[in-house]
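Shown here: protein.csv, CSV, C-alpha atoms.
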chain,number,residue,atom,x,y,z
Z,56,MET,CA,2.0,13.3,21.0
Z,57,THR,CA,-1.0,13.9,18.8
Z,58,ASP,CA,-3.3,16.3,20.7
Z,59,ASP,CA,-6.6,14.5,20.1
Z,60,LEU,CA,-5.3,11.3,21.8
Z,61,PRO,CA,-7.2,10.5,25.0
Z,62,PRO,CA,-4.8,10.8,28.0
Z,63,GLU,CA,-5.5,7.2,29.2
Z,64,LEU,CA,-4.1,5.9,25.9
Z,65,GLU,CA,-0.9,7.9,25.9
Z,66,ALA,CA,1.2,5.3,27.7
Z,67,PHE,CA,-0.1,2.6,25.3
Z,68,VAL,CA,0.8,4.7,22.3
Z,69,THR,CA,4.2,5.6,23.7
Z,70,GLY,CA,4.9,1.9,24.0
Z,71,LEU,CA,3.9,1.3,20.4
Z,72,ARG,CA,6.3,4.0,19.2
Z,73,THR,CA,9.5,2.1,19.9
Z,74,THR,CA,11.2,1.3,16.6
Z,75,PRO,CA,12.6,-2.1,15.8
Z,76,SER,CA,16.4,-2.1,15.6
Z,77,ALA,CA,18.2,-2.0,12.2
Z,78,ASN,CA,18.0,-5.2,10.3
Z,79,ALA,CA,21.3,-5.8,8.4
Z,80,ALA,CA,20.1,-9.0,6.8
Z,81,LEU,CA,16.9,-7.4,5.4
Z,82,ARG,CA,19.0,-4.5,4.1
Z,83,GLU,CA,21.4,-6.8,2.3
Z,84,ARG,CA,18.5,-8.9,0.8
Z,85,VAL,CA,16.9,-5.7,-0.5
Z,86,LEU,CA,20.1,-4.5,-2.0
Z,87,ALA,CA,20.9,-7.9,-3.5
Z,88,SER,CA,17.5,-7.8,-5.2
Z,89,ALA,CA,18.1,-4.2,-6.4
Z,90,ARG,CA,21.5,-5.2,-7.9
Z,91,GLY,CA,19.8,-8.2,-9.6
Z,92,LEU,CA,17.0,-5.9,-11.0
Z,93,GLY,CA,19.5,-3.3,-12.3
Z,94,VAL,CA,18.9,0.5,-12.5
Z,95,PRO,CA,15.1,1.3,-12.4
Z,96,ARG,CA,13.7,2.7,-15.6
Z,97,ARG,CA,12.6,6.3,-15.5
Z,98,SER,CA,8.9,6.9,-16.2
Z,99,ARG,CA,8.2,8.2,-19.6
Z,100,LEU,CA,7.0,11.8,-20.3
Z,101,PRO,CA,3.3,12.2,-21.0
Z,102,VAL,CA,2.6,11.6,-24.7
Z,103,PRO,CA,-0.4,12.8,-26.8
Z,104,ARG,CA,-3.5,10.7,-26.7
Z,105,SER,CA,-3.4,10.0,-30.5
Z,106,LEU,CA,0.1,8.6,-30.1
Z,107,LEU,CA,-1.0,6.5,-27.2
Z,108,ILE,CA,-3.9,5.0,-29.2
Z,109,GLY,CA,-1.6,4.2,-32.1
Z,110,LEU,CA,1.0,2.7,-29.8
Z,111,ALA,CA,-1.6,0.5,-28.0
Z,112,ALA,CA,-2.8,-0.7,-31.4
Z,113,VAL,CA,0.7,-1.5,-32.6
Z,114,LEU,CA,1.5,-3.3,-29.3
Z,115,ALA,CA,-1.6,-5.3,-29.5
Z,116,ALA,CA,-0.8,-6.4,-33.0
Z,117,LEU,CA,2.8,-7.2,-32.1
Z,118,VAL,CA,1.6,-9.3,-29.2
Z,119,LEU,CA,-0.8,-11.2,-31.4
Z,120,LEU,CA,1.8,-11.8,-34.1
Z,121,ARG,CA,4.5,-12.9,-31.7
Z,122,HIS,CA,2.4,-15.1,-29.6
Z,123,PRO,CA,-0.3,-16.6,-31.8
Z,124,GLU,CA,-0.3,-19.8,-29.8
Z,125,GLY,CA,2.6,-19.4,-27.5
Z,126,ARG,CA,2.9,-18.6,-23.8
Z,127,ASP,CA,0.5,-16.2,-22.1
Z,128,PRO,CA,1.6,-12.7,-23.0
Z,129,ALA,CA,0.6,-9.4,-21.5
Z,130,ARG,CA,-2.6,-8.0,-23.1
Z,131,PRO,CA,-3.6,-4.4,-23.6
Z,132,VAL,CA,-6.5,-3.8,-21.2
Z,133,PRO,CA,-8.5,-0.6,-21.6
Z,134,PHE,CA,-9.8,1.1,-18.5
Z,135,VAL,CA,-12.5,3.8,-18.9
Z,136,LEU,CA,-14.2,6.1,-16.4
Z,137,MET,CA,-16.8,8.8,-16.6
Z,138,ALA,CA,-15.6,11.6,-14.3
Z,139,PRO,CA,-16.8,15.0,-15.6
Z,140,LYS,CA,-15.7,17.0,-12.6
Z,141,ALA,CA,-12.2,15.5,-12.1
Z,142,VAL,CA,-9.2,17.5,-13.0
Z,143,ARG,CA,-6.9,14.4,-13.0
Z,144,VAL,CA,-7.5,10.7,-12.8
Z,145,SER,CA,-5.1,7.9,-12.3
Z,146,ILE,CA,-5.5,4.1,-11.9
Z,147,VAL,CA,-3.8,2.3,-9.0
Z,148,GLY,CA,-3.7,-1.4,-8.5
Z,149,ASP,CA,-1.7,-4.6,-7.9
Z,150,PHE,CA,-0.1,-4.0,-11.3
Z,151,ASN,CA,1.6,-0.7,-10.5
Z,152,ASP,CA,2.2,-1.0,-6.7
Z,153,TRP,CA,-0.8,1.3,-6.1
Z,154,ASP,CA,1.3,4.2,-7.2
Z,155,GLN,CA,-0.9,7.2,-8.2
Z,156,ALA,CA,1.8,8.7,-10.3
Z,157,ALA,CA,2.5,5.6,-12.4
Z,158,THR,CA,-0.6,5.3,-14.6
Z,159,PRO,CA,-2.5,8.6,-15.3
Z,160,LEU,CA,-5.6,8.4,-17.4
Z,161,GLN,CA,-6.0,10.6,-20.5
Z,162,ARG,CA,-9.1,12.7,-21.0
Z,163,ALA,CA,-11.2,11.7,-24.0
Z,164,GLY,CA,-13.9,14.2,-24.5
Z,165,GLU,CA,-15.7,16.2,-21.8
Z,166,HIS,CA,-16.6,13.4,-19.4
Z,167,THR,CA,-14.5,10.4,-20.2
Z,168,TRP,CA,-11.0,9.3,-19.1
Z,169,TRP,CA,-9.2,6.3,-20.3
Z,170,VAL,CA,-5.9,4.4,-20.4
Z,171,VAL,CA,-4.6,1.1,-21.7
Z,172,VAL,CA,-2.5,-1.1,-19.4
Z,173,ASN,CA,-0.7,-4.2,-20.5
Z,174,LEU,CA,-1.5,-7.0,-18.1
Z,175,PRO,CA,-0.3,-10.6,-18.1
Z,176,PRO,CA,-3.0,-13.2,-17.2
Z,177,GLY,CA,-3.9,-12.9,-13.5
Z,178,ARG,CA,-6.3,-11.3,-11.1
Z,179,TYR,CA,-5.8,-7.7,-10.2
Z,180,ARG,CA,-7.4,-5.4,-7.7
Z,181,TYR,CA,-7.5,-1.7,-8.7
Z,182,SER,CA,-9.2,1.6,-8.1
Z,183,PHE,CA,-9.4,4.9,-9.9
Z,184,VAL,CA,-8.1,8.0,-8.0
Z,185,LEU,CA,-9.7,11.3,-8.7
Z,186,ASP,CA,-7.7,14.4,-8.1
Z,187,GLY,CA,-5.2,12.5,-5.9
Z,188,THR,CA,-7.6,11.9,-3.0
Z,189,HIS,CA,-10.9,10.4,-4.0
Z,190,TRP,CA,-10.8,6.6,-4.7
Z,191,VAL,CA,-13.6,5.1,-6.7
Z,192,ALA,CA,-14.3,1.6,-7.9
Z,193,ASP,CA,-14.8,0.9,-11.6
Z,194,PRO,CA,-18.6,0.9,-12.1
Z,195,ALA,CA,-18.1,-1.4,-15.0
Z,196,ALA,CA,-16.3,-4.1,-13.1
Z,197,PRO,CA,-16.9,-6.5,-10.2
Z,198,ARG,CA,-16.0,-5.2,-6.7
Z,199,ALA,CA,-13.1,-6.7,-4.9
Z,200,ALA,CA,-14.5,-9.1,-2.3
Z,201,ASP,CA,-11.4,-9.3,-0.3
Z,202,ASN,CA,-11.1,-5.6,0.3
Z,203,ASP,CA,-12.3,-4.8,3.8
Z,204,PHE,CA,-10.6,-1.5,4.2
Z,205,GLY,CA,-13.3,0.8,2.9
Z,206,ALA,CA,-11.4,2.1,-0.1
Z,207,GLU,CA,-13.5,1.1,-3.1
Z,208,SER,CA,-11.7,-1.2,-5.4
Z,209,SER,CA,-12.6,-3.5,-8.3
Z,210,VAL,CA,-11.2,-6.7,-9.8
Z,211,VAL,CA,-10.1,-7.5,-13.3
Z,212,THR,CA,-9.2,-11.0,-14.3
Z,213,ILE,CA,-7.1,-11.6,-17.4
Z,214,LEU,CA,-7.6,-15.1,-18.5
Z,215,GLY,CA,-4.6,-17.1,-19.8
Z,216,LYS,CA,-4.3,-19.5,-22.6
Z,217,GLY,CA,-6.7,-22.4,-22.2
Z,218,SER,CA,-8.5,-20.6,-19.3
H,214,MET,CA,25.7,17.1,4.4
H,215,THR,CA,23.0,14.6,4.5
H,216,PRO,CA,21.5,14.0,1.0
H,217,THR,CA,17.8,14.5,0.6
H,218,ASP,CA,15.6,11.6,-0.5
H,219,GLY,CA,15.3,13.2,-4.0
H,220,GLU,CA,19.1,13.4,-4.3
H,221,VAL,CA,19.5,9.8,-3.2
H,222,ILE,CA,16.9,8.6,-5.7
H,223,ALA,CA,18.6,10.6,-8.4
H,224,ARG,CA,21.8,8.7,-7.6
H,225,VAL,CA,20.1,5.4,-7.8
H,226,LEU,CA,18.5,6.3,-11.2
H,227,ALA,CA,21.9,7.4,-12.4
H,228,GLY,CA,23.3,3.9,-11.8
H,229,ASP,CA,24.4,3.9,-8.1
H,230,VAL,CA,22.1,1.1,-7.1
H,231,ASP,CA,23.7,0.7,-3.6
H,232,ALA,CA,22.6,4.2,-2.7
H,233,TYR,CA,19.2,2.7,-2.2
H,234,GLY,CA,20.7,1.4,1.1
H,235,ILE,CA,20.6,5.0,2.4
H,236,ILE,CA,16.8,5.1,1.9
H,237,VAL,CA,16.5,1.7,3.6
H,238,ASP,CA,18.6,2.8,6.5
H,239,ARG,CA,16.7,6.1,6.8
H,240,TYR,CA,13.2,4.7,6.9
H,241,HIS,CA,13.6,1.1,8.1
H,242,GLY,CA,12.7,1.9,11.7
H,243,ARG,CA,9.4,3.6,11.1
H,244,PHE,CA,8.3,1.3,8.3
H,245,ALA,CA,9.2,-1.8,10.2
H,246,ARG,CA,7.4,-0.4,13.2
H,247,PHE,CA,4.2,0.1,11.2
H,248,ALA,CA,4.3,-3.3,9.5
H,249,THR,CA,5.0,-5.1,12.8
H,250,ARG,CA,2.2,-3.3,14.7
H,251,MET,CA,-0.2,-3.8,11.8
H,252,LEU,CA,0.5,-7.5,11.3
H,253,GLY,CA,1.3,-8.5,14.8
H,254,SER,CA,4.1,-10.7,13.7
H,255,ARG,CA,7.8,-9.8,13.2
H,256,GLU,CA,8.3,-12.4,10.6
H,257,ASP,CA,5.3,-11.4,8.5
H,258,ALA,CA,6.3,-7.7,8.9
H,259,GLU,CA,9.8,-8.3,7.8
H,260,GLU,CA,8.6,-10.1,4.7
H,261,ALA,CA,6.0,-7.4,3.9
H,262,LEU,CA,8.6,-4.7,4.4
H,263,GLN,CA,11.2,-6.4,2.2
H,264,ASP,CA,8.7,-7.0,-0.5
H,265,ALA,CA,7.5,-3.4,-0.3
H,266,LEU,CA,11.1,-2.0,-0.5
H,267,ILE,CA,11.8,-4.1,-3.6
H,268,ARG,CA,8.5,-3.0,-5.2
H,269,ALA,CA,9.3,0.6,-4.4
H,270,TYR,CA,12.8,0.2,-5.9
H,271,ARG,CA,11.3,-1.2,-9.1
H,272,ALA,CA,8.9,1.7,-9.3
H,273,LEU,CA,11.5,4.3,-8.4
H,274,GLY,CA,11.5,5.7,-11.9
H,275,ALA,CA,7.9,6.7,-11.5
H,276,TYR,CA,8.5,8.4,-8.1
H,277,GLN,CA,7.6,12.1,-8.4
H,278,HIS,CA,9.9,14.3,-6.3
H,279,ARG,CA,7.1,16.7,-5.5
H,280,GLU,CA,5.7,14.0,-3.2
H,281,ARG,CA,7.5,13.0,0.0
H,282,PHE,CA,9.1,9.6,-0.3
H,283,ALA,CA,7.7,8.3,3.0
H,284,ALA,CA,4.1,9.1,2.0
H,285,TRP,CA,4.7,7.4,-1.4
H,286,PHE,CA,6.2,4.4,0.3
H,287,TYR,CA,3.5,4.1,2.9
H,288,ARG,CA,1.0,3.5,0.1
H,289,ILE,CA,3.0,0.5,-1.1
H,290,LEU,CA,3.6,-0.8,2.4
H,291,VAL,CA,0.0,-0.4,3.5
H,292,ASN,CA,-1.1,-2.4,0.5
H,293,ARG,CA,1.4,-5.1,1.2
H,294,CYS,CA,0.1,-5.4,4.7
H,295,ARG,CA,-3.5,-5.5,3.4
H,296,SER,CA,-2.5,-8.3,1.1
H,297,VAL,CA,-0.9,-10.3,4.0
H,298,LEU,CA,-4.0,-9.9,6.1
H,299,ALA,CA,-6.3,-10.9,3.2
H,300,GLN,CA,-4.2,-14.0,2.6
H,301,ARG,CA,-4.5,-14.8,6.3
H,302,GLN,CA,-8.3,-14.4,6.1
H,303,ARG,CA,-8.5,-16.7,3.1
H,304,ARG,CA,-6.4,-19.3,4.9
H,305,ARG,CA,-8.5,-19.0,8.0
H,306,ALA,CA,-11.7,-19.5,5.9
H,307,VAL,CA,-10.5,-23.0,4.8
H,308,GLU,CA,-9.0,-24.0,8.2
H,309,GLU,CA,-10.8,-24.9,11.4
H,310,PRO,CA,-12.1,-21.8,13.1
H,311,THR,CA,-9.9,-21.0,16.1
H,312,ALA,CA,-11.3,-20.1,19.5
H,313,ASP,CA,-11.0,-16.5,20.6
H,314,GLN,CA,-7.6,-15.7,22.1
H,315,ASP,CA,-7.7,-14.9,25.8
H,316,SER,CA,-6.1,-11.7,26.9
H,317,PRO,CA,-2.5,-12.2,28.0
H,318,THR,CA,-2.3,-11.6,31.7
H,319,SER,CA,0.3,-9.5,33.5
H,320,ASP,CA,0.5,-8.3,37.1
H,321,ALA,CA,1.7,-5.0,35.8
H,322,GLY,CA,-1.4,-4.3,33.8
H,323,PHE,CA,-1.4,-3.3,30.1
H,324,VAL,CA,2.2,-2.2,29.8
H,325,GLY,CA,4.0,-5.1,28.1
H,326,ARG,CA,4.6,-5.7,24.4
H,327,GLU,CA,2.5,-8.8,24.4
H,328,GLN,CA,-0.5,-6.9,25.8
H,329,ALA,CA,0.0,-4.1,23.3
H,330,THR,CA,0.1,-6.6,20.4
H,331,TRP,CA,-3.0,-8.3,21.8
H,332,LEU,CA,-4.9,-5.0,22.2
H,333,LEU,CA,-4.1,-4.0,18.7
H,334,SER,CA,-5.1,-7.4,17.3
H,335,ARG,CA,-8.5,-6.9,18.9
H,336,LEU,CA,-9.1,-3.9,16.6
H,337,PRO,CA,-10.6,-4.6,13.2
H,338,ALA,CA,-7.8,-4.2,10.6
H,339,ASP,CA,-9.3,-1.0,9.1
H,340,GLN,CA,-9.4,0.7,12.5
H,341,ARG,CA,-5.9,-0.6,13.4
H,342,GLU,CA,-4.5,0.8,10.2
H,343,VAL,CA,-5.8,4.3,10.7
H,344,PHE,CA,-5.0,4.3,14.4
H,345,LEU,CA,-1.4,3.4,13.8
H,346,LEU,CA,-1.0,5.9,11.0
H,347,ARG,CA,-2.6,8.7,13.0
H,348,TYR,CA,-1.2,8.2,16.5
H,349,VAL,CA,2.0,6.1,16.1
H,350,GLU,CA,3.2,7.4,12.8
H,351,ASP,CA,1.9,11.0,13.5
H,352,LEU,CA,0.4,11.5,10.0
H,353,SER,CA,-2.3,14.0,9.3
H,354,TYR,CA,-5.8,12.9,8.1
H,355,ALA,CA,-5.1,14.4,4.7
H,356,ASP,CA,-1.9,12.2,4.4
H,357,ILE,CA,-3.7,9.1,5.7
H,358,ALA,CA,-6.5,9.7,3.2
H,359,ALA,CA,-4.0,9.9,0.3
H,360,ILE,CA,-2.3,6.7,1.6
H,361,THR,CA,-5.3,4.6,2.2
H,362,GLY,CA,-7.8,5.9,-0.3
H,363,VAL,CA,-10.4,6.4,2.4
H,364,GLY,CA,-12.1,9.8,2.8
H,365,GLU,CA,-11.2,11.9,5.9
H,366,SER,CA,-14.6,11.7,7.5
H,367,ALA,CA,-14.7,7.9,7.2
H,368,LEU,CA,-11.2,7.9,8.7
H,369,LYS,CA,-12.2,10.0,11.7
H,370,MET,CA,-15.2,7.7,12.3
H,371,ARG,CA,-12.8,4.7,12.3
H,372,VAL,CA,-10.5,6.4,14.7
H,373,LYS,CA,-13.4,7.3,17.0
H,374,ARG,CA,-14.6,3.7,17.0
H,375,GLY,CA,-11.0,2.3,17.5
H,376,LEU,CA,-10.3,4.6,20.4
H,377,GLU,CA,-13.6,3.6,22.0
H,378,GLN,CA,-12.8,0.0,21.7
H,379,LEU,CA,-9.2,0.4,23.0
H,380,ARG,CA,-10.5,2.3,26.0
H,381,GLN,CA,-12.9,-0.5,26.7
H,382,LEU,CA,-10.3,-3.2,26.4
H,383,LEU,CA,-7.9,-1.2,28.6
H,384,ARG,CA,-10.6,-0.9,31.2
H,385,GLN,CA,-11.4,-4.6,31.1
H,386,GLY,CA,-7.7,-5.4,31.3
H,387,ASN,CA,-7.2,-3.3,34.3
H,388,ASP,CA,-10.3,-4.6,36.0
H,389,ASP,CA,-9.2,-8.3,35.6
Could you rewrite the structure in this file as structure tokens?
Amino acid sequence: MTDDLPPELEAFVTGLRTTPSANAALRERVLASARGLGVPRRSRLPVPRSLLIGLAAVLAALVLLRHPEGRDPARPVPFVLMAPKAVRVSIVGDFNDWDQAATPLQRAGEHTWWVVVNLPPGRYRYSFVLDGTHWVADPAAPRAADNDFGAESSVVTILGKGS
Amino acid sequence: MTPTDGEVIARVLAGDVDAYGIIVDRYHGRFARFATRMLGSREDAEEALQDALIRAYRALGAYQHRERFAAWFYRILVNRCRSVLAQRQRRRAVEEPTADQDSPTSDAGFVGREQATWLLSRLPADQREVFLLRYVEDLSYADIAAITGVGESALKMRVKRGLEQLRQLLRQGNDD
């Protein structure tokens, strides 16, 4: 038992520690989904910033050429943060399952970090994570109104066709 | 010999999709426990856990082996639970406000599952979250900070407030 727990709450916490029994139906549903999704793709190795910029530009051009008037495609959305003291910065949000390893920002100059994320139309909550522990909202974006957990987060809304 | 999480994930990424079942079996108990206690509803918890497991599967290629799988997965699950609670809040905002629930009564005092669920539901969601991660899931403040994105001092303050409120509720329950 965690040693800073007041003794009068020990019985209560012991009761909370019982684990639900195995759930074969849930297991099967998860595996059925996994089979449907196929083998997950490995994340790519870090690439130089100049190559990233080029790729982002090419992707944006391809998207525009392919969907001049068609369905709502994903759009390259740049995220920029000034964080001079950070050693590493990543972005976490609804679009990457809040995974700190998924979307690292690249350093651009002494103070600035940036990344381009392709996002389909929708509303996304996100935060920047500095050095793996310190979460900060995007100072250039509105704060998430539905975030009542204290971790700073922002909202970006990508409008669809006709929005 | 039991394969490590890293070995299982490597098998999945190499094409053995069903090996993900080993991860599900290994962690179902504690993850289901957290989601159930956090959401106070077995159905909502099951849905949130299933969704989180599928999201984690899709993101498995980005999982870094230097990090423990459980800590990585908790981040996904905690956010799924937050989303469920936010949806509930939005729903409540457009529905008729409900009267405050009375405490479930029991001759045996605060020992039953219903009372435990009721007690937890009295805590604000942010306090409930850190209380569960700290005392039920036995995680360190450093781990909880990495999972929730909240600084350690703020977490400790929440725990202090949560414990105070729980003690008060227990006292009230035992006095009734």
Identify which of the residues Z:Asp59, Z:Glu65, Z:Asp193, Z:Glu207 lies closest to Z:Pro133, counting all atoms listed in the file when measuring atom-to-atom distances.
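Among Z:Asp59, Z:Glu65, Z:Asp193, Z:Glu207, it is Z:Asp193 that comes nearest to Z:Pro133.
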Using all atoms listed in the file for the distances, tell me which of Z:Leu174, Z:Ala157, Z:Ala80, Z:Leu214 is nearest to chain H.
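Using all atoms listed in the file, the shortest distance to chain H belongs to Z:Ala157.
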Each residue of chain H lying at most 8 Å from chain Z should get a row with its shortest atom-to-atom pair and the distance in Å to one decimal, counting all atoms listed in the file; could you produce that, ordered by chain and increasing number, as a Markdown table?
| residue | atom | partner | partner_atom | distance |
| --- | --- | --- | --- | --- |
| H:Val225 | CA | Z:Val94 | CA | 6.9 |
| H:Leu226 | CA | Z:Val94 | CA | 6.0 |
| H:Ala227 | CA | Z:Val94 | CA | 7.5 |
| H:Gly228 | CA | Z:Val94 | CA | 5.6 |
| H:Asp229 | CA | Z:Val94 | CA | 7.8 |
| H:Val230 | CA | Z:Val94 | CA | 6.3 |
| H:Asp231 | CA | Z:Leu86 | CA | 6.5 |
| H:Tyr233 | CA | Z:Leu86 | CA | 7.3 |
| H:Gly234 | CA | Z:Leu86 | CA | 6.7 |
| H:Val237 | CA | Z:Arg82 | CA | 6.7 |
| H:Asp238 | CA | Z:Ala77 | CA | 7.5 |
| H:His241 | CA | Z:Ala77 | CA | 6.9 |
| H:Gly242 | CA | Z:Thr74 | CA | 5.2 |
| H:Arg243 | CA | Z:Thr74 | CA | 6.2 |
| H:Ala245 | CA | Z:Pro75 | CA | 6.6 |
| H:Arg246 | CA | Z:Thr74 | CA | 5.4 |
| H:Arg250 | CA | Z:Leu71 | CA | 7.5 |
| H:Glu259 | CA | Z:Leu81 | CA | 7.5 |
| H:Gln263 | CA | Z:Val85 | CA | 6.3 |
| H:Leu266 | CA | Z:Val85 | CA | 6.9 |
| H:Ile267 | CA | Z:Val85 | CA | 6.2 |
| H:Arg268 | CA | Z:Asp152 | CA | 6.8 |
| H:Ala269 | CA | Z:Asp152 | CA | 7.6 |
| H:Tyr270 | CA | Z:Ala89 | CA | 6.9 |
| H:Arg271 | CA | Z:Pro95 | CA | 5.6 |
| H:Ala272 | CA | Z:Pro95 | CA | 6.9 |
| H:Leu273 | CA | Z:Pro95 | CA | 6.2 |
| H:Gly274 | CA | Z:Arg97 | CA | 3.8 |
| H:Ala275 | CA | Z:Ser98 | CA | 4.8 |
| H:Tyr276 | CA | Z:Ala156 | CA | 7.1 |
| H:Gln277 | CA | Z:Ala156 | CA | 7.0 |
| H:Trp285 | CA | Z:Asp154 | CA | 7.4 |
| H:Arg288 | CA | Z:Trp153 | CA | 6.8 |
| H:Ile289 | CA | Z:Asp152 | CA | 5.9 |
| H:Asn292 | CA | Z:Trp153 | CA | 7.6 |
| H:Ala299 | CA | Z:Asp201 | CA | 6.4 |
| H:Phe323 | CA | Z:Phe67 | CA | 7.7 |
| H:Val324 | CA | Z:Phe67 | CA | 7.0 |
| H:Arg326 | CA | Z:Gly70 | CA | 7.6 |
| H:Ala329 | CA | Z:Phe67 | CA | 7.0 |
| H:Ala338 | CA | Z:Phe204 | CA | 7.5 |
| H:Asp339 | CA | Z:Phe204 | CA | 5.1 |
| H:Arg347 | CA | Z:Thr57 | CA | 8.0 |
| H:Tyr348 | CA | Z:Thr57 | CA | 6.1 |
| H:Val349 | CA | Z:Arg72 | CA | 5.7 |
| H:Glu350 | CA | Z:Arg72 | CA | 7.9 |
| H:Asp351 | CA | Z:Thr57 | CA | 6.7 |
| H:Ala358 | CA | Z:Thr188 | CA | 6.7 |
| H:Ala359 | CA | Z:Thr188 | CA | 5.3 |
| H:Thr361 | CA | Z:Ala206 | CA | 7.0 |
| H:Gly362 | CA | Z:Ala206 | CA | 5.2 |
| H:Val363 | CA | Z:Ala206 | CA | 5.1 |
| H:Gly364 | CA | Z:His189 | CA | 6.9 |
| H:Arg380 | CA | Z:Leu64 | CA | 7.3 |
Within 8 Å of Z:Ala129, counting all atoms listed in the file, which residues show up once you throw out same-chain ones fewer than 6 positions away? Write them as a ChimeraX atom specification, please.
/Z:118,173-176
Hey, can you check how far atom CA of H:Leu298 sits from atom CA of Z:Phe134?
27.6 Å
Got a sec to write stretch 226-287 of chain H of the block to a file, C-alpha atoms, as a PDB file, in the first residue's frame?
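File written: decode.pdb
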ATOM      1  CA  LEU H 226       4.736  -5.513 -36.085  1.00  0.00           C
ATOM      2  CA  ALA H 227       6.252  -8.507 -37.879  1.00  0.00           C
ATOM      3  CA  GLY H 228       2.770  -9.653 -38.891  1.00  0.00           C
ATOM      4  CA  ASP H 229       1.493 -11.779 -35.983  1.00  0.00           C
ATOM      5  CA  VAL H 230      -1.562  -9.611 -35.327  1.00  0.00           C
ATOM      6  CA  ASP H 231      -3.121 -12.091 -32.866  1.00  0.00           C
ATOM      7  CA  ALA H 232      -0.103 -11.717 -30.569  1.00  0.00           C
ATOM      8  CA  TYR H 233      -1.735  -8.440 -29.501  1.00  0.00           C
ATOM      9  CA  GLY H 234      -4.069 -10.699 -27.483  1.00  0.00           C
ATOM     10  CA  ILE H 235      -1.123 -11.356 -25.126  1.00  0.00           C
ATOM     11  CA  ILE H 236      -0.958  -7.640 -24.357  1.00  0.00           C
ATOM     12  CA  VAL H 237      -4.732  -7.460 -23.910  1.00  0.00           C
ATOM     13  CA  ASP H 238      -4.663 -10.441 -21.504  1.00  0.00           C
ATOM     14  CA  ARG H 239      -1.665  -9.107 -19.622  1.00  0.00           C
ATOM     15  CA  TYR H 240      -3.094  -5.685 -18.893  1.00  0.00           C
ATOM     16  CA  HIS H 241      -6.860  -6.032 -19.125  1.00  0.00           C
ATOM     17  CA  GLY H 242      -7.346  -6.298 -15.363  1.00  0.00           C
ATOM     18  CA  ARG H 243      -5.608  -3.103 -14.303  1.00  0.00           C
ATOM     19  CA  PHE H 244      -6.755  -1.044 -17.267  1.00  0.00           C
ATOM     20  CA  ALA H 245     -10.365  -2.173 -16.867  1.00  0.00           C
ATOM     21  CA  ARG H 246     -10.116  -1.409 -13.173  1.00  0.00           C
ATOM     22  CA  PHE H 247      -8.891   2.136 -13.795  1.00  0.00           C
ATOM     23  CA  ALA H 248     -11.537   2.862 -16.448  1.00  0.00           C
ATOM     24  CA  THR H 249     -14.335   1.395 -14.325  1.00  0.00           C
ATOM     25  CA  ARG H 250     -13.350   3.365 -11.227  1.00  0.00           C
ATOM     26  CA  MET H 251     -12.806   6.531 -13.248  1.00  0.00           C
ATOM     27  CA  LEU H 252     -16.088   6.406 -15.142  1.00  0.00           C
ATOM     28  CA  GLY H 253     -18.237   4.685 -12.520  1.00  0.00           C
ATOM     29  CA  SER H 254     -19.947   2.593 -15.176  1.00  0.00           C
ATOM     30  CA  ARG H 255     -18.878  -0.825 -16.380  1.00  0.00           C
ATOM     31  CA  GLU H 256     -20.403  -0.292 -19.822  1.00  0.00           C
ATOM     32  CA  ASP H 257     -18.707   3.065 -20.391  1.00  0.00           C
ATOM     33  CA  ALA H 258     -15.441   1.645 -19.072  1.00  0.00           C
ATOM     34  CA  GLU H 259     -15.586  -1.324 -21.411  1.00  0.00           C
ATOM     35  CA  GLU H 260     -16.232   0.945 -24.374  1.00  0.00           C
ATOM     36  CA  ALA H 261     -13.427   3.343 -23.404  1.00  0.00           C
ATOM     37  CA  LEU H 262     -10.992   0.468 -22.855  1.00  0.00           C
ATOM     38  CA  GLN H 263     -11.871  -1.209 -26.135  1.00  0.00           C
ATOM     39  CA  ASP H 264     -11.462   2.061 -27.977  1.00  0.00           C
ATOM     40  CA  ALA H 265      -8.132   2.759 -26.254  1.00  0.00           C
ATOM     41  CA  LEU H 266      -6.825  -0.743 -27.040  1.00  0.00           C
ATOM     42  CA  ILE H 267      -7.675  -0.306 -30.710  1.00  0.00           C
ATOM     43  CA  ARG H 268      -6.116   3.175 -30.803  1.00  0.00           C
ATOM     44  CA  ALA H 269      -3.002   1.802 -29.142  1.00  0.00           C
ATOM     45  CA  TYR H 270      -2.874  -1.015 -31.679  1.00  0.00           C
ATOM     46  CA  ARG H 271      -3.050   1.456 -34.552  1.00  0.00           C
ATOM     47  CA  ALA H 272      -0.277   3.525 -32.970  1.00  0.00           C
ATOM     48  CA  LEU H 273       1.890   0.511 -32.098  1.00  0.00           C
ATOM     49  CA  GLY H 274       4.401   1.385 -34.793  1.00  0.00           C
ATOM     50  CA  ALA H 275       5.184   4.610 -32.933  1.00  0.00           C
ATOM     51  CA  TYR H 276       5.610   2.895 -29.554  1.00  0.00           C
ATOM     52  CA  GLN H 277       9.150   3.437 -28.276  1.00  0.00           C
ATOM     53  CA  HIS H 278      10.503   0.390 -26.466  1.00  0.00           C
ATOM     54  CA  ARG H 279      12.457   2.549 -24.053  1.00  0.00           C
ATOM     55  CA  GLU H 280       9.130   3.458 -22.458  1.00  0.00           C
ATOM     56  CA  ARG H 281       7.038   0.987 -20.485  1.00  0.00           C
ATOM     57  CA  PHE H 282       3.987  -0.151 -22.434  1.00  0.00           C
ATOM     58  CA  ALA H 283       1.677   0.362 -19.443  1.00  0.00           C
ATOM     59  CA  ALA H 284       2.741   4.000 -19.013  1.00  0.00           C
ATOM     60  CA  TRP H 285       2.312   4.633 -22.733  1.00  0.00           C
ATOM     61  CA  PHE H 286      -1.094   2.982 -22.752  1.00  0.00           C
ATOM     62  CA  TYR H 287      -2.292   4.812 -19.644  1.00  0.00           C
TER      63      TYR H 287
END
